[in-house]
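Asker: Please read through the structure below; I'll follow up with questions.
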Amino acid sequence: MCGIVGLYLKNEALYPQLGELFKPMLIEMTSRGPDSAGVAIYRNPVPDGQLKFSLAHDSNSHDWQALADSMASTLSCTATIKQNDTHAILVTSGTENAVQSWLATEASDVRMVGSGQSVEIYKETGLPEQVYERFGLANAQGRHMIGHTRMATESAVTTAGSHPFATGADLCLVHNGSLSNHNRLREELKRKGVTFGSENDSEVAAAYLTWKLRQGVSLKDALEQALDDLDGFFTFCIGTSDGFAVVRDPIACKHAVLAETDDWVAMATEYRSIATLPGSGQARVWEPRPATVYAWGAETLDGEAANAAAHAGAGAA
Amino acid sequence: MNTMDFQKIGLREINRTLQGLDPLSNERNYTITNPMGQHAIACGLNAPLMVDIQGNVGFYCAGMNQQAEVTISGHAGVGLAENMMSGIVRVKGNASQSAGATGHGGLLVIEGDASSRCGISMKGIDIVVGGSVGHMSAFMGQVGHLVVCGDAGEALGDSIYEAKLYVAGSVESLGADCIEKDMTAEHLTTLADLLERAQINKDASSFRRYGSARKLYNFDIDHADEY
């Protein structure tokens with residue numbers, strides 16, 4: 001099972017309502033994934049020369065300020081931090097490598113769940129509504145969000161096994177399905193120096209993309225290569241700094257539906273998540289074709305022109 | 001005319017009402033509003049009702065239908081009219097995967113496109129699609145007709161038994177044991193009748209016919225690779 005949802009606002013006037021519009025989309029997918037939930041929201045981009053890290057800890061009373069102070073003094077960088085329940089958003093002038101290796105040695109109980117200039121990732125075990133509430137996401141403003149509700153199959157119900165999984169700067173992945181070659185692929189990626197935080201199959205897909213992107217492969221090419229290298233069932237939604245991309249495996253037995261109006265683009269595992277959006281009754285609704293990459297607003301992809309060709313004649317709803 | 005608002009009374013009340021009608025009642029017309037993409041709407045009907053659903057529905061709409069005529073003024077999710085026995089189900093928009101799966105009878109009309117596995121394991125249902133169908137349509141189709149006015153995706157009619165397939169547009173590929181067959185006068189008559197019943201205006205002579213080569217019925221060592 002599992003449910004995935006994505007919302008990209010084309011109309012700037014709706015930006016202040018992003019969290020409110022996204023909430024019923026995620027909650028509607030509770031029956032597909034009551035074990036854990038998570039979202040990636042793209043907002044408040046930091047200026048060039050700074051990075052934003054989403055950090056998580058098992059406890060909601062972790063001393064984040066001490067962590068930021070210690071990091072700032074060791075790495076001689078700026079570091080401001082804001083706690084949000086079990087998570088914290090760190091904004092720093094430190095480099096990604098420096099921050100990551102500092103966290104690994106000095107704060108090994110802290111998990112880095114996302115990084116980039118605008119992405120913030122929040123995920124926890126529990127019902128989607130509870131997770132959404134605890135991070136105060138209903139008031140969130142921004143341009144786009146992706147989310148996941150998990151019914152665990154391949155690994156334990158833990159925060160570390162929750163989605164989204166970061167796949168690089170401002171990139172993250174949510175997955176509906178199950179991969180059958182994740183153990184072998186995980187071992188191969190480990191040999192190439194990729195590290196893992198869980199036994200989760202979706203994390204392997206994220207790590208695969210991370211590794212490909214690090215080799216300089218474009219996101220579109222990485223997704224197309226994933227179609228060859230990942231064995232199993234999947235619908236992926238990949239959040240990018242500019243929008244999101246959707247791809248399904250060639251057999252396409254994991255549901256997915258896309259809808260678009262003048263105001264927004266939405267993807268969901270089931271249409272009922274999209275039905276709550278304003279104007280959904282008049283939206284263009286269709287089902288993404290198997291083994292075809294769709295994307296909105298992502299400059300790393302071919303963008304809307306490529307989608308128009310893929311949409312033509314696509315099966316629907 | 002009876003109108004039921006899904007958001008006000010919910011799925012169970014709607015289905016209970018439609019399934020529990022007195023067969024002698026003259027109340028035959030029902031409209032369902034605000035379906036909100038929810039699942040299993042108007043399932044298991046067994047009376048000559050006219051049900052109009054105004055909006056997009058979720059999975060398994062009008063499943064197991066008998067006698068009723070269900071019209072969806074919108075799009076439909078996975079498993080539309082699954083295992084239909086008789087009656088008519090019509091969707092004015094598109095249908096997702098496995099539309100008409102395992103259907104034993106009746107007529108399913110999809111005015112837009114259908115996704116993959118349309119008519120999978122069909123057992124007597126007639127399906128007319130105004131647009132195109134996705135991959136693996138009519139997989140293991142046993143009896144009935146699948147009429148596609150647009151194109152068909154990969155592996156049409158894979159492992160087909162005796163279902164008859166008519167496609168006006170292109171076929172991306174034929175599945176195992178599915179071949180093109182001659183269109184005879186008898187087939188043209190059947191097809192024209194199906195199009196007329198579906199109220200789809202398309203010239204029967206523009207279609208090509210596909211069906212089983214009947215090579216997979218019995219084990220044949222020369223075809224071991226195909227099993």
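Letters A, B, ... mark the chains of the structure tokens in the order given; residue numbers begin at 1 per chain; ligand numbers begin at 1, in order shown.
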Pull out every residue of chain A sitting within 12 Å of chain B, counting only C-alpha atoms, and send them as a ChimeraX atom specification.
Answerer: /A:25,28-29,250-259,268-291,311-317
Asker: Write out the residues from the selection above, keeping C-alpha atoms, as a PDB file, in the first residue's frame.
Answerer:
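Dumped everything to again_10.pdb:
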ATOM      1  CA  MET A  25      -4.623  15.424   0.429  1.00  0.00           C
ATOM      2  CA  GLU A  28      -7.110  11.205   2.665  1.00  0.00           C
ATOM      3  CA  MET A  29      -4.268   8.708   2.144  1.00  0.00           C
ATOM      4  CA  PRO A 250       7.077  -0.368 -16.761  1.00  0.00           C
ATOM      5  CA  ILE A 251       4.363  -2.664 -15.369  1.00  0.00           C
ATOM      6  CA  ALA A 252       2.676   0.242 -13.601  1.00  0.00           C
ATOM      7  CA  CYS A 253       0.551  -1.718 -11.149  1.00  0.00           C
ATOM      8  CA  LYS A 254       1.051   0.916  -8.447  1.00  0.00           C
ATOM      9  CA  HIS A 255      -1.671   3.499  -8.842  1.00  0.00           C
ATOM     10  CA  ALA A 256      -1.002   7.089  -9.773  1.00  0.00           C
ATOM     11  CA  VAL A 257      -3.091   9.945 -11.043  1.00  0.00           C
ATOM     12  CA  LEU A 258      -2.181  13.426 -12.177  1.00  0.00           C
ATOM     13  CA  ALA A 259      -4.416  16.476 -12.413  1.00  0.00           C
ATOM     14  CA  ALA A 268      -1.674  11.317  -5.899  1.00  0.00           C
ATOM     15  CA  THR A 269      -1.930   7.567  -5.516  1.00  0.00           C
ATOM     16  CA  GLU A 270      -5.697   7.943  -5.694  1.00  0.00           C
ATOM     17  CA  TYR A 271      -7.879  10.683  -7.103  1.00  0.00           C
ATOM     18  CA  ARG A 272      -9.755  11.111  -3.818  1.00  0.00           C
ATOM     19  CA  SER A 273      -6.717  13.000  -2.488  1.00  0.00           C
ATOM     20  CA  ILE A 274      -7.000  15.454  -5.352  1.00  0.00           C
ATOM     21  CA  ALA A 275     -10.791  15.795  -5.070  1.00  0.00           C
ATOM     22  CA  THR A 276     -10.402  18.136  -2.092  1.00  0.00           C
ATOM     23  CA  LEU A 277      -8.532  20.777  -4.120  1.00  0.00           C
ATOM     24  CA  PRO A 278     -10.441  23.821  -5.394  1.00  0.00           C
ATOM     25  CA  GLY A 279     -11.482  23.349  -9.025  1.00  0.00           C
ATOM     26  CA  SER A 280     -10.665  19.625  -9.068  1.00  0.00           C
ATOM     27  CA  GLY A 281     -14.001  18.864 -10.739  1.00  0.00           C
ATOM     28  CA  GLN A 282     -12.884  20.814 -13.799  1.00  0.00           C
ATOM     29  CA  ALA A 283      -9.241  19.689 -13.728  1.00  0.00           C
ATOM     30  CA  ARG A 284      -7.620  17.796 -16.554  1.00  0.00           C
ATOM     31  CA  VAL A 285      -7.173  14.354 -14.985  1.00  0.00           C
ATOM     32  CA  TRP A 286      -5.077  11.536 -16.381  1.00  0.00           C
ATOM     33  CA  GLU A 287      -3.020   8.535 -15.416  1.00  0.00           C
ATOM     34  CA  PRO A 288       0.739   8.739 -15.982  1.00  0.00           C
ATOM     35  CA  ARG A 289       1.998   6.225 -18.518  1.00  0.00           C
ATOM     36  CA  PRO A 290       4.342   3.454 -17.460  1.00  0.00           C
ATOM     37  CA  ALA A 291       8.104   4.078 -17.699  1.00  0.00           C
ATOM     38  CA  HIS A 311       0.352  13.387 -21.936  1.00  0.00           C
ATOM     39  CA  ALA A 312      -1.141  13.150 -25.401  1.00  0.00           C
ATOM     40  CA  GLY A 313      -3.253  10.046 -25.566  1.00  0.00           C
ATOM     41  CA  ALA A 314      -2.213   8.889 -22.104  1.00  0.00           C
ATOM     42  CA  GLY A 315      -4.642   6.626 -20.319  1.00  0.00           C
ATOM     43  CA  ALA A 316      -6.441   8.377 -17.582  1.00  0.00           C
ATOM     44  CA  ALA A 317      -7.914   8.904 -14.149  1.00  0.00           C
TER      45      ALA A 317
END
Asker: Could you give me, as a PyMOL selection string, the residues within 10 Å of A:Cys77, counting only C-alpha atoms and dropping anything in the same chain fewer than 4 positions from it?
Answerer: chain A and resi 50+68-69+71-73+92-95+99
Asker: Hey, which bits of stretch 63-174 of chain A sit within 9 Å of stretch 207-223 of chain A, and for each residue what's the closest pair of atoms and how far apart in Å (one decimal), counting only C-alpha atoms, rows by chain and increasing number, as JSON lines?
Answerer:
{"residue": "A:Phe165", "atom": "CA", "partner": "A:Ala207", "partner_atom": "CA", "distance": 8.5}
{"residue": "A:Ala166", "atom": "CA", "partner": "A:Thr210", "partner_atom": "CA", "distance": 8.1}
{"residue": "A:Thr167", "atom": "CA", "partner": "A:Thr210", "partner_atom": "CA", "distance": 4.5}
{"residue": "A:Gly168", "atom": "CA", "partner": "A:Thr210", "partner_atom": "CA", "distance": 5.6}
{"residue": "A:Leu171", "atom": "CA", "partner": "A:Thr210", "partner_atom": "CA", "distance": 8.7}
Asker: List the spatial neighbours of B:Glu82 as number ranges by chain - criterion: any atom at most 12 Å away, only C-alpha atoms, same-chain residues fewer than 6 positions off excluded.
Answerer: B: 40, 42-44, 59-66, 76, 89, 95-108, 117-123, 125, 127
Asker: At what distance in Å, to one decimal, does atom CA of B:Gly79 lie from atom CA of B:Ile110?
Answerer: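 The value is 12.5 Å.
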Asker: For B:Met140, which of B:Leu216, B:Ala224, B:Ala185, B:Leu49 is the closest residue, counting only C-alpha atoms?
Answerer: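 Checking each of B:Leu216, B:Ala224, B:Ala185, B:Leu49 against B:Met140, counting only C-alpha atoms, the winner is B:Leu216.
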Asker: So what do you get for atom CA of A:Ser198 versus atom CA of A:Asn183, distance-wise?
Answerer: 11.6 Å
Asker: As a ChimeraX atom specification, please: every residue in stretch 171-218 of chain A that a backbone DSSP assignment puts in alpha helix (DSSP H).
Answerer: /A:182-191,201-214
Asker: One decimal, Å: what's the distance from atom CA of B:Leu146 over to atom CA of B:Val129, could you say?
Answerer: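 That distance, rounded to one decimal, is 7.8 Å.
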Asker: Residues within 9 Å of A:Ser178, please, as a PDB file with N, CA and C atoms, in the first residue's frame. Count only C-alpha atoms; anything in the same chain fewer than 3 positions from it doesn't count.
Answerer:
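Result went into out09.pdb, see below:
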ATOM      1  N   THR A 153       5.964  -2.511   4.739  1.00  0.00           N
ATOM      2  CA  THR A 153       6.032  -3.887   4.255  1.00  0.00           C
ATOM      3  C   THR A 153       7.456  -4.414   4.307  1.00  0.00           C
ATOM      4  N   GLU A 154       8.414  -3.633   3.815  1.00  0.00           N
ATOM      5  CA  GLU A 154       9.764  -4.164   3.633  1.00  0.00           C
ATOM      6  C   GLU A 154      10.677  -3.919   4.833  1.00  0.00           C
ATOM      7  N   HIS A 175       7.903   7.007  -2.271  1.00  0.00           N
ATOM      8  CA  HIS A 175       7.762   5.773  -3.051  1.00  0.00           C
ATOM      9  C   HIS A 175       6.513   5.024  -2.632  1.00  0.00           C
ATOM     10  N   HIS A 182      16.496  -4.688  -3.688  1.00  0.00           N
ATOM     11  CA  HIS A 182      17.098  -3.624  -2.868  1.00  0.00           C
ATOM     12  C   HIS A 182      18.288  -4.097  -2.060  1.00  0.00           C
ATOM     13  N   ASP A 201      13.605  -0.379   1.656  1.00  0.00           N
ATOM     14  CA  ASP A 201      13.846  -0.536   0.216  1.00  0.00           C
ATOM     15  C   ASP A 201      13.792   0.803  -0.521  1.00  0.00           C
ATOM     16  N   SER A 202      12.902   1.694  -0.064  1.00  0.00           N
ATOM     17  CA  SER A 202      12.774   2.989  -0.744  1.00  0.00           C
ATOM     18  C   SER A 202      14.022   3.831  -0.553  1.00  0.00           C
ATOM     19  N   ASP A 231      14.446  -3.200  -9.701  1.00  0.00           N
ATOM     20  CA  ASP A 231      13.516  -4.283  -9.992  1.00  0.00           C
ATOM     21  C   ASP A 231      12.408  -4.237  -8.942  1.00  0.00           C
ATOM     22  N   GLY A 232      11.185  -4.257  -9.376  1.00  0.00           N
ATOM     23  CA  GLY A 232      10.083  -4.217  -8.414  1.00  0.00           C
ATOM     24  C   GLY A 232       9.014  -3.277  -8.903  1.00  0.00           C
ATOM     25  N   PHE A 233       8.132  -2.934  -7.982  1.00  0.00           N
ATOM     26  CA  PHE A 233       7.004  -2.080  -8.330  1.00  0.00           C
ATOM     27  C   PHE A 233       7.197  -0.704  -7.714  1.00  0.00           C
ATOM     28  N   PHE A 234       6.987   0.303  -8.502  1.00  0.00           N
ATOM     29  CA  PHE A 234       7.128   1.620  -7.922  1.00  0.00           C
ATOM     30  C   PHE A 234       6.369   2.696  -8.682  1.00  0.00           C
TER      31      PHE A 234
END
Asker: When you look at stretch 13-21 of chain B with a cut-off of 9 Å (counting only C-alpha atoms), what residues show up, excluding the ones that are within fewer than 4 positions of it in the same chain? I need them as a PyMOL selection string.
Answerer: chain B and resi 4-6+9+25+27+30+32+40-47+49+51
